[in-house]
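As provided, model39.cif (mmCIF, C-alpha atoms and all ligand atoms) reads as follows.
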```cif
data_final
#
loop_
_atom_site.label_atom_id
_atom_site.label_comp_id
_atom_site.auth_asym_id
_atom_site.auth_seq_id
_atom_site.Cartn_x
_atom_site.Cartn_y
_atom_site.Cartn_z
CA MET Y 1 -10.54 -6.47 -22.19
CA MET Y 2 -7.51 -5.97 -20.01
CA ILE Y 3 -6.27 -3.75 -17.21
CA LEU Y 4 -2.66 -2.67 -16.64
CA VAL Y 5 -1.54 -2.77 -13.02
CA THR Y 6 1.79 -1.23 -12.01
CA GLY Y 7 3.57 -2.44 -8.88
CA GLY Y 8 1.50 -5.62 -8.84
CA ALA Y 9 4.26 -7.71 -7.27
CA GLY Y 10 4.20 -5.67 -4.04
CA PHE Y 11 1.96 -6.06 -1.00
CA ILE Y 12 -1.26 -4.32 -2.07
CA GLY Y 13 -0.77 -4.76 -5.82
CA ALA Y 14 -0.38 -8.55 -5.49
CA ASN Y 15 -3.44 -8.81 -3.26
CA PHE Y 16 -5.32 -6.72 -5.83
CA VAL Y 17 -4.27 -8.89 -8.79
CA LEU Y 18 -5.15 -12.11 -6.94
CA ASP Y 19 -8.55 -10.77 -5.87
CA TRP Y 20 -9.27 -9.36 -9.34
CA LEU Y 21 -8.63 -12.66 -11.10
CA ALA Y 22 -10.59 -14.55 -8.46
CA GLN Y 23 -13.63 -12.47 -9.35
CA SER Y 24 -13.27 -11.63 -13.03
CA ASP Y 25 -11.95 -13.13 -16.24
CA GLU Y 26 -10.64 -9.78 -17.43
CA ALA Y 27 -6.90 -10.16 -17.99
CA VAL Y 28 -4.24 -8.30 -15.98
CA LEU Y 29 -0.90 -7.04 -17.26
CA ASN Y 30 1.43 -6.43 -14.32
CA LEU Y 31 4.33 -4.02 -14.86
CA ASP Y 32 6.70 -4.14 -11.90
CA LYS Y 33 10.34 -3.16 -11.51
CA LEU Y 34 10.87 -5.81 -8.83
CA THR Y 35 12.62 -3.63 -6.29
CA TYR Y 36 13.38 -5.18 -2.89
CA ALA Y 37 9.61 -4.89 -2.19
CA GLY Y 38 8.46 -6.64 -5.36
CA ASN Y 39 8.20 -10.40 -5.08
CA PRO Y 40 7.07 -12.59 -8.01
CA GLU Y 41 6.50 -15.38 -5.48
CA ASN Y 42 3.42 -13.40 -4.35
CA LEU Y 43 1.79 -14.32 -7.67
CA LEU Y 44 3.12 -17.84 -8.09
CA SER Y 45 -0.40 -19.26 -7.99
CA LEU Y 46 -1.08 -17.50 -11.32
CA GLN Y 47 1.67 -19.34 -13.17
CA GLY Y 48 0.22 -20.78 -16.38
CA ASP Y 49 -2.94 -18.65 -16.07
CA SER Y 50 -3.54 -17.12 -19.52
CA ARG Y 51 -5.34 -14.15 -17.93
CA TYR Y 52 -2.13 -12.96 -16.24
CA LEU Y 53 0.92 -11.37 -17.86
CA PHE Y 54 4.01 -10.10 -16.09
CA VAL Y 55 6.57 -7.64 -17.43
CA GLN Y 56 9.56 -6.53 -15.38
CA GLY Y 57 10.11 -2.81 -15.94
CA ASP Y 58 9.98 0.73 -14.63
CA ILE Y 59 6.91 2.99 -14.81
CA GLY Y 60 9.39 5.71 -15.79
CA ASP Y 61 10.55 3.81 -18.88
CA ALA Y 62 8.46 5.70 -21.42
CA ALA Y 63 9.45 3.54 -24.40
CA LEU Y 64 8.52 0.31 -22.61
CA VAL Y 65 5.24 1.68 -21.27
CA ALA Y 66 4.25 3.07 -24.70
CA GLN Y 67 5.00 -0.30 -26.26
CA LEU Y 68 2.94 -2.19 -23.66
CA LEU Y 69 -0.01 0.19 -24.00
CA ALA Y 70 0.01 -0.05 -27.79
CA ARG Y 71 0.27 -3.82 -27.75
CA TYR Y 72 -2.23 -4.71 -25.01
CA GLN Y 73 -4.70 -1.79 -25.29
CA PRO Y 74 -5.78 -1.79 -21.62
CA ARG Y 75 -9.10 -0.13 -20.73
CA ALA Y 76 -7.58 1.14 -17.47
CA VAL Y 77 -4.22 1.72 -15.80
CA LEU Y 78 -3.99 1.29 -12.02
CA ASN Y 79 -0.86 2.77 -10.51
CA PHE Y 80 0.26 0.95 -7.35
CA ALA Y 81 3.99 1.25 -8.12
CA ALA Y 82 5.84 3.32 -5.55
CA GLU Y 83 8.58 3.40 -2.99
CA SER Y 84 6.41 2.97 0.08
CA HIS Y 85 8.35 2.83 3.36
CA VAL Y 86 8.60 6.00 5.47
CA ASP Y 87 11.76 4.85 7.31
CA ARG Y 88 13.52 4.07 4.03
CA SER Y 89 12.51 7.50 2.71
CA ILE Y 90 14.24 9.07 5.72
CA HIS Y 91 17.43 7.10 5.07
CA GLY Y 92 17.40 7.73 1.29
CA PRO Y 93 14.80 10.02 -0.31
CA GLU Y 94 16.24 9.89 -3.84
CA ASP Y 95 14.47 6.69 -4.98
CA PHE Y 96 11.17 8.10 -3.69
CA ILE Y 97 11.45 11.19 -5.87
CA GLN Y 98 12.57 9.12 -8.83
CA THR Y 99 9.72 6.61 -8.77
CA ASN Y 100 6.88 8.40 -7.00
CA VAL Y 101 7.33 11.79 -8.67
CA VAL Y 102 9.36 11.44 -11.89
CA GLY Y 103 8.06 7.91 -12.55
CA THR Y 104 4.42 8.94 -12.05
CA MET Y 105 4.88 11.96 -14.33
CA ARG Y 106 6.38 9.79 -17.08
CA LEU Y 107 3.65 7.20 -16.67
CA LEU Y 108 1.03 9.95 -16.96
CA GLN Y 109 2.66 11.20 -20.14
CA SER Y 110 2.76 7.72 -21.69
CA VAL Y 111 -0.83 7.04 -20.71
CA ARG Y 112 -1.98 10.43 -22.00
CA ALA Y 113 -0.45 9.79 -25.42
CA TYR Y 114 -2.10 6.36 -25.57
CA TRP Y 115 -5.48 7.64 -24.35
CA GLN Y 116 -5.49 10.50 -26.86
CA GLY Y 117 -5.00 8.02 -29.69
CA LEU Y 118 -7.95 5.81 -28.70
CA ALA Y 119 -11.20 5.72 -30.66
CA GLU Y 120 -14.10 7.66 -29.14
CA GLY Y 121 -15.76 4.78 -27.24
CA PRO Y 122 -12.67 3.32 -25.52
CA ARG Y 123 -11.41 6.85 -24.95
CA ALA Y 124 -14.54 7.82 -23.03
CA ALA Y 125 -14.46 4.60 -20.99
CA PHE Y 126 -10.72 4.73 -20.17
CA ARG Y 127 -9.58 5.36 -16.55
CA PHE Y 128 -6.25 6.07 -14.84
CA LEU Y 129 -6.54 5.12 -11.16
CA HIS Y 130 -3.82 6.37 -8.83
CA VAL Y 131 -3.37 4.57 -5.51
CA SER Y 132 -2.27 6.97 -2.78
CA THR Y 133 -2.11 7.31 0.96
CA ASP Y 134 -3.69 9.24 3.84
CA GLU Y 135 -0.15 10.33 4.82
CA VAL Y 136 -0.35 13.18 2.27
CA TYR Y 137 -2.66 15.01 4.73
CA GLY Y 138 -0.01 15.18 7.48
CA SER Y 139 -0.61 14.59 11.17
CA LEU Y 140 -3.72 15.11 13.36
CA SER Y 141 -4.01 16.20 16.99
CA PRO Y 142 -5.97 13.85 19.28
CA ASP Y 143 -9.25 15.78 18.99
CA ASP Y 144 -9.07 16.79 15.30
CA PRO Y 145 -11.75 15.42 13.00
CA ALA Y 146 -10.61 12.66 10.62
CA PHE Y 147 -9.17 13.52 7.18
CA THR Y 148 -11.76 14.32 4.52
CA GLU Y 149 -10.87 14.66 0.82
CA THR Y 150 -10.72 18.45 1.23
CA HIS Y 151 -8.25 18.39 4.13
CA LYS Y 152 -5.09 20.46 3.57
CA ILE Y 153 -2.23 18.54 1.97
CA GLU Y 154 0.56 18.76 4.57
CA PRO Y 155 2.98 15.86 4.08
CA ASN Y 156 5.75 15.50 6.67
CA SER Y 157 8.05 12.72 5.46
CA PRO Y 158 9.98 12.37 2.20
CA TYR Y 159 7.62 9.44 1.41
CA SER Y 160 4.41 11.36 1.99
CA ALA Y 161 5.79 14.45 0.23
CA SER Y 162 6.59 12.35 -2.84
CA LYS Y 163 3.12 10.76 -2.79
CA ALA Y 164 1.50 14.20 -2.39
CA ALA Y 165 3.50 15.39 -5.41
CA SER Y 166 2.26 12.40 -7.42
CA ASP Y 167 -1.34 13.12 -6.41
CA HIS Y 168 -0.91 16.72 -7.59
CA LEU Y 169 0.48 15.53 -10.92
CA VAL Y 170 -2.47 13.19 -11.43
CA ARG Y 171 -4.87 16.02 -10.65
CA ALA Y 172 -3.05 18.35 -13.06
CA TRP Y 173 -3.09 15.80 -15.90
CA HIS Y 174 -6.87 15.70 -15.52
CA HIS Y 175 -7.33 19.44 -15.23
CA THR Y 176 -4.95 20.36 -18.03
CA TYR Y 177 -5.22 17.46 -20.49
CA GLY Y 178 -8.57 15.95 -19.55
CA LEU Y 179 -7.07 12.56 -18.68
CA PRO Y 180 -9.86 10.61 -16.90
CA VAL Y 181 -8.24 10.04 -13.52
CA LEU Y 182 -9.36 8.71 -10.14
CA THR Y 183 -7.33 8.91 -6.93
CA THR Y 184 -7.71 6.90 -3.73
CA ASN Y 185 -6.09 7.95 -0.44
CA CYS Y 186 -6.05 5.00 1.90
CA SER Y 187 -5.03 4.44 5.50
CA ASN Y 188 -2.50 1.84 6.77
CA ASN Y 189 -3.09 -1.60 5.27
CA TYR Y 190 -2.30 -4.95 6.86
CA GLY Y 191 -2.80 -8.55 5.77
CA PRO Y 192 -1.17 -11.36 3.78
CA LEU Y 193 2.00 -10.67 1.72
CA HIS Y 194 2.96 -7.61 3.78
CA PHE Y 195 6.73 -7.11 3.62
CA PRO Y 196 8.14 -7.58 7.14
CA GLU Y 197 9.75 -4.15 7.41
CA LYS Y 198 6.33 -2.60 8.21
CA LEU Y 199 4.97 -2.67 11.75
CA ILE Y 200 2.50 -5.59 11.84
CA PRO Y 201 4.45 -8.22 9.86
CA LEU Y 202 7.70 -7.14 11.55
CA ILE Y 203 6.16 -7.75 14.97
CA ILE Y 204 4.85 -11.19 13.98
CA VAL Y 205 8.15 -12.24 12.41
CA ASN Y 206 10.33 -10.88 15.24
CA ALA Y 207 8.08 -12.37 17.91
CA LEU Y 208 8.32 -15.86 16.41
CA ALA Y 209 12.09 -15.49 16.03
CA GLY Y 210 12.48 -14.51 19.71
CA LYS Y 211 13.73 -11.04 18.73
CA PRO Y 212 12.88 -7.64 20.28
CA LEU Y 213 9.61 -6.00 19.19
CA PRO Y 214 10.72 -2.40 18.51
CA ILE Y 215 8.28 0.35 19.49
CA TYR Y 216 9.26 3.79 18.23
CA GLY Y 217 9.06 6.54 20.88
CA ASP Y 218 6.16 6.16 23.33
CA GLY Y 219 4.17 3.85 21.04
CA LEU Y 220 1.11 6.09 21.29
CA GLN Y 221 1.11 7.16 17.63
CA VAL Y 222 -2.28 6.38 16.11
CA ARG Y 223 -2.93 4.78 12.72
CA ASP Y 224 -6.24 3.79 11.07
CA TRP Y 225 -5.80 0.14 10.03
CA LEU Y 226 -7.60 -1.46 7.08
CA TYR Y 227 -7.43 -5.09 5.98
CA VAL Y 228 -5.76 -5.15 2.55
CA LYS Y 229 -8.61 -7.05 0.84
CA ASP Y 230 -10.96 -4.22 1.85
CA HIS Y 231 -8.62 -1.72 0.21
CA CYS Y 232 -8.70 -3.87 -2.94
CA SER Y 233 -12.50 -3.93 -2.96
CA ALA Y 234 -12.54 -0.14 -2.57
CA ILE Y 235 -10.23 0.26 -5.57
CA ARG Y 236 -12.41 -2.03 -7.68
CA ARG Y 237 -15.46 0.01 -6.68
CA VAL Y 238 -13.81 3.36 -7.49
CA LEU Y 239 -12.61 2.02 -10.84
CA GLN Y 240 -16.09 0.84 -11.66
CA SER Y 241 -18.18 3.77 -10.49
CA GLY Y 242 -15.96 6.61 -9.24
CA ARG Y 243 -16.55 10.08 -10.64
CA VAL Y 244 -13.73 11.13 -12.96
CA GLY Y 245 -11.37 13.69 -11.44
CA GLU Y 246 -12.44 12.86 -7.86
CA THR Y 247 -10.41 11.58 -4.95
CA TYR Y 248 -11.83 9.03 -2.49
CA ASN Y 249 -10.56 8.46 1.04
CA VAL Y 250 -10.50 4.80 2.08
CA GLY Y 251 -10.20 3.68 5.70
CA GLY Y 252 -11.27 1.14 8.25
CA CYS Y 253 -12.72 3.44 10.93
CA ASN Y 254 -10.27 1.65 13.13
CA GLU Y 255 -7.90 4.01 14.93
CA LYS Y 256 -5.45 2.35 17.27
CA PRO Y 257 -2.19 3.35 18.98
CA ASN Y 258 0.81 1.28 17.89
CA ILE Y 259 1.33 -0.25 21.33
CA GLU Y 260 -2.23 -1.61 21.29
CA ILE Y 261 -1.61 -3.17 17.86
CA VAL Y 262 1.52 -4.86 19.19
CA HIS Y 263 -0.31 -6.12 22.30
CA THR Y 264 -3.09 -7.56 20.11
CA VAL Y 265 -0.60 -9.40 17.90
CA CYS Y 266 1.23 -10.77 20.96
CA THR Y 267 -2.04 -11.96 22.53
CA LEU Y 268 -2.99 -13.78 19.31
CA LEU Y 269 0.42 -15.41 19.08
CA ASP Y 270 0.21 -16.42 22.77
CA GLU Y 271 -3.03 -18.20 21.88
CA LEU Y 272 -2.06 -19.69 18.52
CA ARG Y 273 1.66 -20.43 19.01
CA PRO Y 274 2.37 -20.30 22.77
CA LYS Y 275 6.00 -20.01 23.82
CA GLY Y 276 7.62 -23.07 25.31
CA ASP Y 277 8.49 -21.28 28.58
CA GLY Y 278 4.90 -20.09 29.07
CA SER Y 279 5.83 -16.39 28.93
CA SER Y 280 3.95 -13.91 26.74
CA TYR Y 281 5.44 -12.49 23.52
CA LYS Y 282 4.81 -9.09 25.18
CA THR Y 283 7.98 -9.64 27.22
CA GLN Y 284 9.93 -9.07 23.94
CA ILE Y 285 8.60 -5.49 23.55
CA ALA Y 286 11.45 -2.96 23.45
CA TYR Y 287 11.00 0.80 23.28
CA VAL Y 288 13.50 2.32 20.85
CA GLN Y 289 14.41 5.76 19.58
CA ASP Y 290 11.57 7.48 17.74
CA ARG Y 291 11.31 8.07 13.98
CA PRO Y 292 12.37 11.64 13.10
CA GLY Y 293 9.31 13.78 12.31
CA HIS Y 294 7.02 10.91 13.31
CA ASP Y 295 3.37 11.72 12.46
CA ARG Y 296 1.30 11.44 15.63
CA ARG Y 297 -2.10 10.47 14.30
CA TYR Y 298 -3.85 9.54 11.04
CA ALA Y 299 -7.61 9.03 10.77
CA ILE Y 300 -9.74 8.67 7.67
CA ASP Y 301 -13.25 9.93 7.11
CA ALA Y 302 -14.47 7.43 4.50
CA SER Y 303 -18.04 8.76 4.32
CA LYS Y 304 -17.67 9.96 0.69
CA ILE Y 305 -16.89 6.53 -0.75
CA GLU Y 306 -19.61 5.00 1.41
CA ARG Y 307 -22.21 7.61 0.41
CA GLU Y 308 -21.38 7.82 -3.30
CA LEU Y 309 -20.24 4.29 -4.09
CA GLY Y 310 -21.72 2.21 -1.29
CA TRP Y 311 -18.31 0.84 -0.20
CA MET Y 312 -17.76 -0.42 3.35
CA PRO Y 313 -15.00 -2.64 4.74
CA ALA Y 314 -15.98 -6.30 5.19
CA GLU Y 315 -13.49 -7.07 7.98
CA THR Y 316 -13.36 -5.73 11.50
CA PHE Y 317 -9.88 -5.32 12.97
CA GLU Y 318 -10.46 -8.39 15.15
CA THR Y 319 -11.28 -10.66 12.19
CA GLY Y 320 -8.63 -9.14 9.90
CA ILE Y 321 -5.75 -9.34 12.36
CA ARG Y 322 -6.60 -12.94 13.26
CA LYS Y 323 -6.53 -13.89 9.55
CA THR Y 324 -3.24 -12.05 9.16
CA VAL Y 325 -1.52 -13.81 12.08
CA HIS Y 326 -2.79 -17.16 10.76
CA TRP Y 327 -1.42 -16.32 7.30
CA TYR Y 328 2.08 -15.63 8.65
CA LEU Y 329 2.02 -18.80 10.79
CA ASP Y 330 1.05 -20.79 7.68
CA HIS Y 331 3.59 -19.13 5.35
CA GLN Y 332 6.89 -19.38 7.18
CA ALA Y 333 8.68 -20.30 3.91
CA TRP Y 334 7.47 -17.05 2.31
CA VAL Y 335 8.89 -15.13 5.29
CA THR Y 336 12.24 -16.93 5.07
CA ASN Y 337 12.46 -16.23 1.33
CA VAL Y 338 11.90 -12.48 1.69
CA GLN Y 339 14.49 -12.21 4.46
CA SER Y 340 17.29 -11.87 1.91
CA GLY Y 341 20.69 -10.30 2.49
CA ALA Y 342 19.23 -6.92 1.49
CA TYR Y 343 16.46 -7.30 4.08
CA ARG Y 344 18.96 -8.12 6.82
CA GLU Y 345 21.09 -5.10 5.87
CA TRP Y 346 18.03 -2.84 6.13
CA VAL Y 347 17.14 -4.18 9.57
CA LYS Y 348 20.69 -3.54 10.71
CA ALA Y 349 20.73 0.01 9.28
CA ASN Y 350 17.32 0.98 10.71
CA TYR Y 351 17.52 -0.53 14.18
CA ALA Y 352 21.22 -0.38 15.15
CA GLU Y 353 21.06 3.38 15.62
CA ARG Y 354 17.83 3.20 17.66
CA ALA Y 355 19.07 0.79 20.30
P1 LIG V 401 5.15 -2.13 -1.76
O1 LIG V 401 6.40 -1.38 -1.45
O2 LIG V 401 4.86 -3.41 -1.05
O3 LIG V 401 5.11 -2.46 -3.32
C1 LIG V 401 5.47 -1.53 -4.31
C2 LIG V 401 5.65 -2.28 -5.62
O4 LIG V 401 6.01 -1.33 -6.64
C3 LIG V 401 6.79 -3.32 -5.58
O5 LIG V 401 6.36 -4.51 -6.21
C4 LIG V 401 7.92 -2.65 -6.39
O6 LIG V 401 8.76 -3.59 -7.04
C5 LIG V 401 7.12 -1.82 -7.37
N1 LIG V 401 7.87 -0.66 -7.89
C6 LIG V 401 8.62 0.22 -7.16
N2 LIG V 401 9.15 1.14 -7.99
C7 LIG V 401 8.73 0.84 -9.25
C8 LIG V 401 8.92 1.43 -10.52
N3 LIG V 401 9.69 2.52 -10.67
N4 LIG V 401 8.33 0.87 -11.61
C9 LIG V 401 7.56 -0.25 -11.47
N5 LIG V 401 7.35 -0.86 -10.29
C10 LIG V 401 7.92 -0.31 -9.19
O7 LIG V 401 3.97 -1.08 -1.54
P2 LIG V 401 2.46 -1.33 -1.12
O8 LIG V 401 2.37 -1.30 0.36
O9 LIG V 401 1.94 -2.50 -1.86
O10 LIG V 401 1.80 -0.01 -1.66
C11 LIG V 401 1.24 0.07 -2.97
C12 LIG V 401 0.71 1.46 -3.20
O11 LIG V 401 -0.28 1.77 -2.23
C13 LIG V 401 1.78 2.56 -3.06
O12 LIG V 401 1.54 3.52 -4.06
C14 LIG V 401 1.56 3.14 -1.68
O13 LIG V 401 1.95 4.48 -1.63
C15 LIG V 401 0.05 2.98 -1.55
N6 LIG V 401 -0.46 2.84 -0.18
C16 LIG V 401 0.09 1.92 0.69
C17 LIG V 401 -0.46 1.77 1.96
C18 LIG V 401 0.09 0.74 2.93
O14 LIG V 401 -0.35 0.70 4.10
N7 LIG V 401 1.01 -0.13 2.54
C19 LIG V 401 -1.54 2.55 2.36
C20 LIG V 401 -2.08 3.46 1.45
C21 LIG V 401 -1.53 3.58 0.19
P1 LIG V 402 4.76 1.53 9.26
O1 LIG V 402 4.25 0.13 9.20
O2 LIG V 402 6.17 1.80 8.82
O3 LIG V 402 3.71 2.43 8.46
P2 LIG V 402 3.60 4.07 8.36
O4 LIG V 402 4.83 4.69 8.88
O5 LIG V 402 3.43 4.26 6.90
O6 LIG V 402 2.38 4.43 9.16
O7 LIG V 402 4.61 2.03 10.74
C1 LIG V 402 3.36 2.03 11.39
C2 LIG V 402 3.55 2.69 12.74
O8 LIG V 402 4.38 1.83 13.54
C3 LIG V 402 4.28 4.02 12.66
O9 LIG V 402 3.72 4.89 13.64
C4 LIG V 402 5.70 3.68 13.01
C5 LIG V 402 5.56 2.53 13.98
N1 LIG V 402 6.67 1.53 13.99
C6 LIG V 402 7.24 1.14 15.20
O10 LIG V 402 6.85 1.61 16.29
N2 LIG V 402 8.25 0.22 15.17
C7 LIG V 402 8.73 -0.31 14.00
O11 LIG V 402 9.69 -1.12 14.04
C8 LIG V 402 8.11 0.08 12.77
C9 LIG V 402 8.58 -0.47 11.45
C10 LIG V 402 7.08 1.02 12.80
#
```
Represent the structure from my file as structure tokens, please.
Amino acid sequence: MMILVTGGAGFIGANFVLDWLAQSDEAVLNLDKLTYAGNPENLLSLQGDSRYLFVQGDIGDAALVAQLLARYQPRAVLNFAAESHVDRSIHGPEDFIQTNVVGTMRLLQSVRAYWQGLAEGPRAAFRFLHVSTDEVYGSLSPDDPAFTETHKIEPNSPYSASKAASDHLVRAWHHTYGLPVLTTNCSNNYGPLHFPEKLIPLIIVNALAGKPLPIYGDGLQVRDWLYVKDHCSAIRRVLQSGRVGETYNVGGCNEKPNIEIVHTVCTLLDELRPKGDGSSYKTQIAYVQDRPGHDRRYAIDASKIERELGWMPAETFETGIRKTVHWYLDHQAWVTNVQSGAYREWVKANYAERA
């Protein structure tokens, strides 16, 4: 038995593959294009492990995907592959449409053809699990109830619009062709292997480097943060027991304004790696120009996955963020390696104009 994971060299995909193989002997085939966000170093510990196979390629490459499906006969396809950074989607939406919309559609077509050719048993057991985001629901006012699975789809950024489009495609491939799909819509993840262009790893990395800690706008935008390993356990649970055709919201019940997140990270660093001059990392905080169209608040109502599948996060924010800060302190070489020329160019492009 084998599963096919797409985008498994990225932040969540790599955590998922590592957790999967730590708990199961079922093999994993990882198809990843290795964009700037894909890092084979994330999975270095699996080198020589016969349960793990890596293929560099695009989910939109129908010939390659058909060949892989025919050869390895996975019992499930889990689609993590995506362009995932809101700020990058504002600077250049094209790649987001190409991978998240066109790529997902092509992947669905390839998987449909494979699934239709399976014998009755494997066909009935097959699943296509699509990993999506709470950002498809748009932005909440302070007193609005949290997003449920039936909330209106109101994406506001090129990223969230492209993910919403992919969710619609997945739904349509189930409704029209009967493909046995599952969709998860998860809140903001944090944890090990997070690429340092996203808020939490960026703050840790900049703080240690003595650089400014950029806060967009007033810093009072609210996100619902979930430790990445809890997202992975939710995906495993949905794959195992989720009802075909359903979507499941996944979240940590942990709403916090950005400025509070940054203060927490600074306080942990003050404790674990105090600055030589005795000052707090908070002195590096710098308010910068806001993100255009910045969503004010996300919040997830995860009662469906808890009620139907018995899933709950294992980490609180306090335990998860402490583990995360420790991980970055212990993996400085990983950080240095991902700070390539392309990374530095992005930082220049995104922050120069906000100064
Ligand atoms: P990431 O950007 O860290 O990783 C994406 C991975 O996909 C990379 O390894 C990249 O090389 C690969 N990829 C990109 N385009 C590809 C293509 N055309 N073909 C094959 N591989 C391709 O993203 P992430 O944070 O790990 O997110 C994974 C998934 O989870 C995404 O679908 C994202 O929308 C979703 N999600 C992310 C979060 C979050 O907080 N990061 C929250 C909810 C949902
Ligand atoms: P991010 O990690 O990019 O995730 P998303 O936009 O998908 O929620 O950003 C999280 C929040 O942090 C978001 O409200 C934007 C904000 N932010 C900053 O204030 N400064 C930064 O340098 C970055 C990257 C994000």
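Of the listed residues (Y:Asn100, Y:Thr336, Y:Ser241, Y:Ser89), Y:Ser89 comes nearest to ligand LIG 402 (chain V); the distances count all atoms listed in the file.
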Using all atoms listed in the file, find each residue of chain Y with at least one atom at most 7 Å away from an atom of ligand LIG 401 (chain V); report its shortest atom-to-atom pair and that distance in Å (one decimal), sort the rows by chain and rising residue number, and return the result as a tab-separated table.
```
residue	atom	partner	partner_atom	distance
Y:Thr6	CA	V:LIG401	N5	5.8
Y:Gly7	CA	V:LIG401	O4	3.5
Y:Gly8	CA	V:LIG401	O5	5.6
Y:Ala9	CA	V:LIG401	O5	4.0
Y:Gly10	CA	V:LIG401	O5	3.3
Y:Phe11	CA	V:LIG401	O9	3.7
Y:Ile12	CA	V:LIG401	O9	3.7
Y:Gly13	CA	V:LIG401	O9	5.3
Y:Leu31	CA	V:LIG401	C9	6.0
Y:Asp32	CA	V:LIG401	N5	3.7
Y:Lys33	CA	V:LIG401	N5	4.0
Y:Leu34	CA	V:LIG401	O6	3.5
Y:Thr35	CA	V:LIG401	O6	3.9
Y:Tyr36	CA	V:LIG401	O6	6.4
Y:Ala37	CA	V:LIG401	C3	4.7
Y:Gly38	CA	V:LIG401	O5	3.1
Y:Asn39	CA	V:LIG401	O5	6.3
Y:Gly57	CA	V:LIG401	C9	5.7
Y:Asp58	CA	V:LIG401	N4	3.4
Y:Ile59	CA	V:LIG401	N4	4.1
Y:Gly60	CA	V:LIG401	N3	6.0
Y:Asn79	CA	V:LIG401	O12	6.9
Y:Phe80	CA	V:LIG401	C12	4.2
Y:Ala81	CA	V:LIG401	O4	3.6
Y:Ala82	CA	V:LIG401	C6	4.5
Y:Glu83	CA	V:LIG401	C6	5.2
Y:Ser84	CA	V:LIG401	O1	4.6
Y:His85	CA	V:LIG401	O1	6.7
Y:Thr99	CA	V:LIG401	N3	4.5
Y:Gly103	CA	V:LIG401	N3	5.9
Y:Val131	CA	V:LIG401	O12	5.2
Y:Ser132	CA	V:LIG401	C21	4.6
Y:Thr133	CA	V:LIG401	C21	3.9
Y:Asp134	CA	V:LIG401	C20	6.5
Y:Lys163	CA	V:LIG401	O13	6.5
Y:Asn185	CA	V:LIG401	C20	6.3
Y:Cys186	CA	V:LIG401	C20	4.3
Y:Ser187	CA	V:LIG401	C19	5.1
Y:Asn188	CA	V:LIG401	O14	3.6
Y:Asn189	CA	V:LIG401	O14	3.8
Y:Tyr190	CA	V:LIG401	O14	6.6
Y:His194	CA	V:LIG401	O2	6.7
Y:Phe195	CA	V:LIG401	O2	6.2
```
Could you work out how far CA of His326 (chain Y) lies from atom C2 of ligand LIG 402 (chain V), giving the answer in Å with one decimal? 20.9 Å
Within 8 Å of Leu4 (chain Y), counting all atoms listed in the file, which residues show up once you throw out same-chain ones fewer than 4 positions away? Write them as a PyMOL selection string, please. chain Y and resi 28-31+74+76-78
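Of the residues listed (Y:Pro145, Y:Pro93, Y:Pro192, Y:Pro257), Y:Pro257 shows the shortest atom-to-atom separation from ligand LIG 402 (chain V); distances use all atoms listed in the file.
Considering the residues Y:Val228, Y:Val222, Y:Ala207, Y:Leu108 and counting only C-alpha atoms, Ala286 (chain Y) has its shortest atom-to-atom contact with Y:Ala207.
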I'd like a table as a tab-separated table: residues in chain Y with an atom no more than 7 Å from ligand LIG 402 (chain V), each row giving the shortest atom pair and its distance in Å to one decimal, all atoms listed in the file counted, sorted by chain and rising residue number.
```
residue	atom	partner	partner_atom	distance
Y:His85	CA	V:LIG402	O2	6.0
Y:Val86	CA	V:LIG402	O4	5.2
Y:Asp87	CA	V:LIG402	O2	6.5
Y:Asn188	CA	V:LIG402	O6	6.0
Y:Glu197	CA	V:LIG402	C9	5.6
Y:Lys198	CA	V:LIG402	O1	3.6
Y:Leu199	CA	V:LIG402	O1	3.9
Y:Ile200	CA	V:LIG402	O1	6.5
Y:Leu202	CA	V:LIG402	C9	6.7
Y:Pro214	CA	V:LIG402	O11	4.8
Y:Ile215	CA	V:LIG402	O10	3.7
Y:Tyr216	CA	V:LIG402	O10	3.8
Y:Gly219	CA	V:LIG402	O10	5.9
Y:Gln221	CA	V:LIG402	O9	5.3
Y:Val222	CA	V:LIG402	O9	6.7
Y:Arg223	CA	V:LIG402	O6	6.4
Y:Asn258	CA	V:LIG402	O8	5.7
Y:His294	CA	V:LIG402	O9	6.9
Y:Asp295	CA	V:LIG402	O9	6.9
```
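For the residues Y:Gly310, Y:His91, Y:Ala333, Y:Gly320, ranking by smallest atom-to-atom distance to Glu353 (chain Y) using all atoms listed in the file places Y:His91 first.
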Nearest candidate to Asp301 (chain Y) (options Y:Leu107, Y:Val250, Y:Leu226, Y:Leu44; using all atoms listed in the file): Y:Val250
What's around region 146-151 of chain Y at 12 Å? Count all atoms listed in the file, leave out sequence neighbours fewer than 6 positions away in its own chain, and write the answer as a count of residues only. 35
